[in-house]
file my_file.cif (mmCIF, C-alpha atoms)
data_work
loop_
_atom_site.label_atom_id
_atom_site.label_comp_id
_atom_site.auth_asym_id
_atom_site.auth_seq_id
_atom_site.Cartn_x
_atom_site.Cartn_y
_atom_site.Cartn_z
CA MET A 1 -90.07 19.43 -31.17
CA SER A 2 -86.34 19.12 -30.47
CA HIS A 3 -84.76 17.41 -27.51
CA PRO A 4 -83.82 19.86 -24.71
CA ALA A 5 -80.17 18.79 -24.87
CA ILE A 6 -80.00 19.66 -28.56
CA ILE A 7 -81.57 23.06 -27.96
CA LEU A 8 -79.14 23.82 -25.12
CA ALA A 9 -76.20 22.77 -27.30
CA ILE A 10 -77.41 25.11 -30.04
CA ALA A 11 -77.79 27.91 -27.49
CA TYR A 12 -74.24 27.38 -26.27
CA LEU A 13 -72.85 27.31 -29.80
CA LEU A 14 -74.76 30.46 -30.72
CA GLY A 15 -73.44 32.20 -27.64
CA SER A 16 -69.91 31.07 -28.40
CA ILE A 17 -69.75 32.86 -31.77
CA PRO A 18 -67.00 35.46 -31.09
CA PHE A 19 -68.35 38.31 -33.17
CA GLY A 20 -65.87 40.85 -31.82
CA TYR A 21 -62.95 38.63 -32.74
CA ILE A 22 -64.41 37.81 -36.16
CA LEU A 23 -65.24 41.41 -37.12
CA VAL A 24 -61.85 42.79 -36.11
CA ARG A 25 -60.08 39.94 -37.89
CA LEU A 26 -62.13 40.45 -41.06
CA PHE A 27 -62.05 44.24 -41.31
CA LEU A 28 -58.87 45.26 -39.49
CA HIS A 29 -56.85 42.07 -39.96
CA GLN A 30 -55.97 42.17 -36.27
CA ASP A 31 -56.47 39.96 -33.24
CA ILE A 32 -58.65 41.90 -30.79
CA ARG A 33 -57.13 39.81 -28.00
CA ALA A 34 -53.87 41.71 -28.55
CA THR A 35 -55.55 45.09 -27.98
CA GLY A 36 -56.53 46.82 -24.74
CA SER A 37 -57.92 44.40 -22.18
CA GLY A 38 -57.60 41.54 -24.63
CA ASN A 39 -61.34 40.98 -24.37
CA ILE A 40 -63.51 40.13 -27.38
CA GLY A 41 -66.48 42.27 -26.33
CA ALA A 42 -67.91 45.46 -27.79
CA THR A 43 -66.13 47.92 -25.51
CA ASN A 44 -62.68 46.60 -26.31
CA VAL A 45 -63.51 46.51 -30.01
CA ALA A 46 -64.51 50.17 -29.79
CA ARG A 47 -61.29 50.93 -27.90
CA SER A 48 -59.34 49.44 -30.80
CA GLY A 49 -60.35 52.54 -32.75
CA ALA A 50 -63.18 50.91 -34.67
CA LYS A 51 -66.33 52.33 -33.09
CA GLY A 52 -68.49 51.04 -35.93
CA LEU A 53 -67.24 47.52 -35.33
CA GLY A 54 -67.85 48.02 -31.63
CA ILE A 55 -71.50 48.87 -32.30
CA ALA A 56 -71.82 45.91 -34.65
CA THR A 57 -70.30 43.62 -32.01
CA LEU A 58 -72.74 44.91 -29.41
CA ALA A 59 -75.71 44.31 -31.69
CA LEU A 60 -74.62 40.85 -32.83
CA ASP A 61 -73.72 39.69 -29.32
CA ALA A 62 -77.17 40.77 -28.15
CA LEU A 63 -78.91 39.16 -31.12
CA LYS A 64 -77.28 35.79 -30.55
CA GLY A 65 -78.72 35.86 -27.03
CA VAL A 66 -82.15 36.68 -28.39
CA ALA A 67 -81.86 33.90 -30.96
CA ALA A 68 -80.86 31.28 -28.39
CA VAL A 69 -83.94 31.95 -26.26
CA LEU A 70 -86.34 32.22 -29.21
CA ILE A 71 -85.15 28.89 -30.59
CA ALA A 72 -85.92 27.27 -27.24
CA LYS A 73 -89.36 28.85 -27.18
CA HIS A 74 -90.16 27.90 -30.76
CA PHE A 75 -88.83 24.36 -31.01
CA PHE A 76 -89.76 22.97 -27.59
CA ALA A 77 -93.35 22.12 -26.73
CA GLY A 78 -92.76 21.51 -23.04
CA THR A 79 -93.13 18.40 -20.91
CA ALA A 80 -94.58 17.48 -17.55
CA SER A 81 -91.23 18.21 -15.89
CA LEU A 82 -89.87 21.00 -18.07
CA THR A 83 -91.87 23.91 -19.43
CA ILE A 84 -91.06 26.11 -22.40
CA ALA A 85 -90.23 28.96 -20.01
CA ASP A 86 -87.88 26.67 -18.06
CA LEU A 87 -85.97 25.64 -21.17
CA ALA A 88 -85.85 29.24 -22.41
CA ALA A 89 -84.16 30.26 -19.15
CA LEU A 90 -81.69 27.38 -19.44
CA ALA A 91 -80.99 28.33 -23.06
CA ALA A 92 -80.31 31.89 -21.91
CA LEU A 93 -77.78 30.58 -19.41
CA ALA A 94 -76.21 28.31 -22.04
CA ALA A 95 -75.79 31.27 -24.42
CA ILE A 96 -74.09 33.30 -21.69
CA LEU A 97 -71.74 30.41 -20.91
CA GLY A 98 -71.00 30.11 -24.63
CA HIS A 99 -70.06 33.78 -24.86
CA MET A 100 -67.90 33.71 -21.75
CA PHE A 101 -66.30 30.34 -22.48
CA PRO A 102 -66.31 29.84 -26.29
CA VAL A 103 -64.96 26.54 -27.49
CA TRP A 104 -63.48 28.28 -30.55
CA LEU A 105 -61.15 30.51 -28.52
CA GLY A 106 -59.89 28.10 -25.90
CA PHE A 107 -62.84 28.90 -23.59
CA LYS A 108 -61.63 32.47 -23.11
CA GLY A 109 -64.41 34.86 -24.13
CA GLY A 110 -66.17 38.05 -23.18
CA LYS A 111 -67.93 39.31 -20.09
CA GLY A 112 -71.46 38.71 -21.31
CA VAL A 113 -73.10 42.12 -20.94
CA ALA A 114 -74.51 42.42 -24.47
CA THR A 115 -75.49 38.76 -24.61
CA ALA A 116 -77.19 39.06 -21.22
CA LEU A 117 -79.16 42.01 -22.57
CA GLY A 118 -80.17 39.87 -25.54
CA VAL A 119 -81.37 36.89 -23.54
CA TYR A 120 -83.31 39.15 -21.18
CA LEU A 121 -84.93 40.91 -24.12
CA ALA A 122 -86.25 37.52 -25.18
CA LEU A 123 -87.15 36.38 -21.65
CA CYS A 124 -88.73 39.61 -20.37
CA TRP A 125 -88.12 42.70 -22.50
CA PRO A 126 -89.49 45.25 -19.96
CA ALA A 127 -86.91 44.06 -17.41
CA ALA A 128 -84.16 44.25 -20.03
CA LEU A 129 -85.09 47.82 -20.98
CA CYS A 130 -85.20 48.91 -17.34
CA ALA A 131 -81.74 47.48 -16.72
CA LEU A 132 -80.51 49.08 -19.96
CA ALA A 133 -81.77 52.43 -18.67
CA VAL A 134 -79.74 51.89 -15.48
CA PHE A 135 -76.68 51.09 -17.59
CA ILE A 136 -77.08 54.22 -19.72
CA VAL A 137 -77.63 56.54 -16.76
CA VAL A 138 -74.61 55.20 -14.88
CA LEU A 139 -72.44 55.35 -18.00
CA VAL A 140 -73.46 58.94 -18.76
CA LEU A 141 -72.86 60.05 -15.17
CA THR A 142 -69.58 58.21 -14.53
CA LYS A 143 -68.13 57.24 -17.95
CA TYR A 144 -67.28 53.82 -16.47
CA VAL A 145 -68.55 51.02 -18.70
CA SER A 146 -67.61 48.44 -16.10
CA LEU A 147 -69.57 50.16 -13.31
CA ALA A 148 -72.57 50.58 -15.59
CA SER A 149 -72.31 46.90 -16.55
CA VAL A 150 -72.11 45.68 -12.95
CA LEU A 151 -75.02 47.82 -11.78
CA GLY A 152 -77.04 46.84 -14.81
CA ALA A 153 -76.37 43.17 -14.04
CA LEU A 154 -77.34 43.68 -10.41
CA THR A 155 -80.67 45.23 -11.35
CA LEU A 156 -81.57 42.76 -14.11
CA PRO A 157 -82.91 40.02 -11.80
CA VAL A 158 -84.63 42.61 -9.63
CA PHE A 159 -86.56 43.96 -12.61
CA PHE A 160 -87.17 40.41 -13.88
CA PHE A 161 -88.72 39.20 -10.63
CA TRP A 162 -90.81 42.37 -10.48
CA LEU A 163 -92.02 42.46 -14.07
CA SER A 164 -92.10 38.83 -15.19
CA SER A 165 -94.86 36.37 -14.38
CA GLN A 166 -92.55 33.44 -15.16
CA HIS A 167 -90.99 31.99 -12.02
CA SER A 168 -89.96 28.43 -11.22
CA ALA A 169 -87.27 26.35 -9.56
CA ILE A 170 -85.37 26.49 -12.86
CA ILE A 171 -86.08 30.03 -14.07
CA SER A 172 -85.25 31.94 -10.89
CA PRO A 173 -81.82 30.34 -10.30
CA SER A 174 -80.95 30.67 -14.01
CA VAL A 175 -81.73 34.39 -13.93
CA LEU A 176 -79.64 34.89 -10.81
CA VAL A 177 -76.69 32.87 -12.15
CA ILE A 178 -76.62 34.88 -15.38
CA SER A 179 -76.28 38.14 -13.48
CA LEU A 180 -73.76 36.64 -11.05
CA LEU A 181 -71.58 35.41 -13.91
CA VAL A 182 -71.52 38.86 -15.51
CA ILE A 183 -70.54 40.45 -12.20
CA VAL A 184 -67.84 37.85 -11.46
CA LYS A 185 -66.40 38.37 -14.94
CA HIS A 186 -65.91 42.02 -13.96
CA HIS A 187 -63.97 41.25 -10.78
CA LYS A 188 -60.76 42.87 -12.06
CA ASN A 189 -62.70 45.97 -13.10
CA ILE A 190 -64.29 46.12 -9.67
CA MET A 191 -60.87 46.02 -8.03
CA ARG A 192 -59.67 48.83 -10.30
CA LEU A 193 -62.78 50.86 -9.52
CA LYS A 194 -62.01 50.49 -5.82
CA SER A 195 -58.40 51.57 -6.32
CA GLY A 196 -59.30 54.44 -8.66
CA THR A 197 -57.29 53.05 -11.58
CA GLU A 198 -60.16 52.03 -13.86
CA SER A 199 -60.13 53.88 -17.17
CA LYS A 200 -63.19 55.72 -18.40
CA PHE A 201 -64.91 55.12 -21.71
CA GLY A 202 -63.46 57.35 -24.41
CA SER A 203 -60.15 57.75 -22.57
CA GLY A 204 -58.20 56.40 -25.51
CA LYS A 205 -57.03 53.31 -27.29
CA LYS A 206 -55.15 50.70 -25.29
CA SER A 207 -52.34 48.87 -27.02
CA LYS A 208 -51.70 45.73 -24.98
CA PRO A 209 -53.86 43.23 -23.11
CA SER A 210 -51.48 43.49 -20.16
CA ASP A 211 -52.45 47.15 -19.68
CA PRO A 212 -53.76 47.30 -16.09
CA GLN A 213 -56.40 49.83 -17.02
CA GLY A 214 -57.85 47.94 -19.98
CA THR A 215 -61.55 47.43 -19.45
CA ASN A 216 -64.24 45.70 -21.38
CA ALA A 217 -67.84 44.79 -20.81
#

call {"tool": "encode", "arguments": {"input": "my_file.cif", "output": "structure tokens"}}
result
Amino acid sequence: MSHPAIILAIAYLLGSIPFGYILVRLFLHQDIRATGSGNIGATNVARSGAKGLGIATLALDALKGVAAVLIAKHFFAGTASLTIADLAALAALAAILGHMFPVWLGFKGGKGVATALGVYLALCWPAALCALAVFIVVLVLTKYVSLASVLGALTLPVFFFWLSSQHSAIISPSVLVISLLVIVKHHKNIMRLKSGTESKFGSGKKSKPSDPQGTNA
């Protein structure tokens, strides 16, 4: 059994691995932060013209979230004050914080959508799949990744509280904070959606991070 602090540190470090940045640097010899919205997430990687790398980024960002939660579940036996489920939820939050604020990139990371999907798959996969279905439907209907991401994040805790039997004074706030962080990270996208200036997925490659229409989930 590992100490909870060690497990949470590992979860943060896993979450902080900037796969989008690494893949674009390795295969395109570019800095993804100089393209489009300047974000390191899957959508901006795809907007760089490398859809395959975008898919790989999405998968790896989700998998690091899964790994963070599974490590907590596997290496912690629980105590009188902290259960395995409690620590798993805290590890999920730590992984999200790692992705959004990675130590390797000056604490400037992604918006956490794929990693949130990953941690929810490990915490309560039926809730994750339901929220993913919401994301897909909204994306297909509107072509706005940001809108799909925000609505998916909004529904994640709803599905979790409905479908999961794990609830506590630690789990419930952690679940809510994860979704809130994802939504807050999309605040600029939300403003552009309100003003009608948000760009749709597939609308073309963006060249500079200062582009007001650059969007990334």

call {"tool": "residues_around", "arguments": {"input": "my_file.cif", "residues": "Gly118 in chain A", "least_positions_apart": "5", "cutoff": "6 Å", "atoms": "all atoms listed in the file", "output": "PyMOL selection string"}}
result
chain A and resi 62-63+65-66

call {"tool": "residues_around", "arguments": {"input": "my_file.cif", "residues": "range 120-123 of chain A", "least_positions_apart": "2", "cutoff": "8 Å", "atoms": "only C-alpha atoms", "output": "MDAnalysis selection string"}}
result
chainID A and resid 65:66 69:70 88:89 92 116:118 125:129

call {"tool": "resolve_selection", "arguments": {"input": "my_file.cif", "expression": "the PyMOL selection byres ((chain A and resi 73) around 12)", "output": "ChimeraX atom specification"}}
result
/A:1-2,4,7-8,11,66-72,74-78,83-92,119,122-123

call {"tool": "resolve_selection", "arguments": {"input": "my_file.cif", "expression": "the PyMOL selection byres ((chain A and resi 101) around 12)", "output": "ChimeraX atom specification"}}
result
/A:12-18,39-40,93-100,102-112,181,185

call {"tool": "resolve_selection", "arguments": {"input": "my_file.cif", "expression": "the PyMOL selection byres ((chain A and resi 132) around 10)", "output": "PyMOL selection string"}}
result
chain A and resi 117+126-131+133-138+148-149+151-153+155-156

call {"tool": "residues_near_point", "arguments": {"input": "my_file.cif", "point": "(-68.4, 43.5, -11.4)", "cutoff": "12 Å", "atoms": "only C-alpha atoms", "output": "ChimeraX atom specification"}}
result
/A:111-113,144-154,179-194,215-217

call {"tool": "closest_residue", "arguments": {"input": "my_file.cif", "among": "A:Leu176, A:Leu82, A:Ala46, A:Gln30", "to": "His3 in chain A", "atoms": "all atoms listed in the file"}}
result
A:Leu82

call {"tool": "closest_residue", "arguments": {"input": "my_file.cif", "among": "A:Thr43, A:Thr115, A:Ser165, A:Thr79", "to": "Lys64 in chain A", "atoms": "all atoms listed in the file"}}
result
A:Thr115

call {"tool": "residues_around", "arguments": {"input": "my_file.cif", "residues": "range 19-28 of chain A", "least_positions_apart": "6", "cutoff": "9 Å", "atoms": "all atoms listed in the file", "output": "list of chain:residue names"}}
result
A:Asn39, A:Ile40, A:Gly41, A:Ala42, A:Asn44, A:Val45, A:Ser48, A:Ala50, A:Leu53, A:Gly54, A:Ala56, A:Thr57, A:Leu58, A:Leu60, A:Asp61

call {"tool": "atom_distance", "arguments": {"input": "my_file.cif", "atom1": "CA of Ala59 in chain A", "atom2": "CA of Val158 in chain A"}}
result
23.9 Å

call {"tool": "atom_distance", "arguments": {"input": "my_file.cif", "atom1": "CA of Ser81 in chain A", "atom2": "CA of Ala9 in chain A"}}
result
19.4 Å

call {"tool": "closest_residue", "arguments": {"input": "my_file.cif", "among": "A:Ile32, A:Ala80, A:Ile6, A:Ala114", "to": "Ile55 in chain A", "atoms": "all atoms listed in the file"}}
result
A:Ala114

call {"tool": "atom_distance", "arguments": {"input": "my_file.cif", "atom1": "CA of Arg33 in chain A", "atom2": "CA of Gly52 in chain A"}}
result
17.8 Å

call {"tool": "closest_residue", "arguments": {"input": "my_file.cif", "among": "A:Val140, A:Ser37, A:Phe159, A:Gly49", "to": "Glu198 in chain A", "atoms": "only C-alpha atoms"}}
result
A:Ser37

call {"tool": "closest_residue", "arguments": {"input": "my_file.cif", "among": "A:Gly202, A:Arg47, A:Cys124, A:Leu139", "to": "Trp162 in chain A", "atoms": "all atoms listed in the file"}}
result
A:Cys124
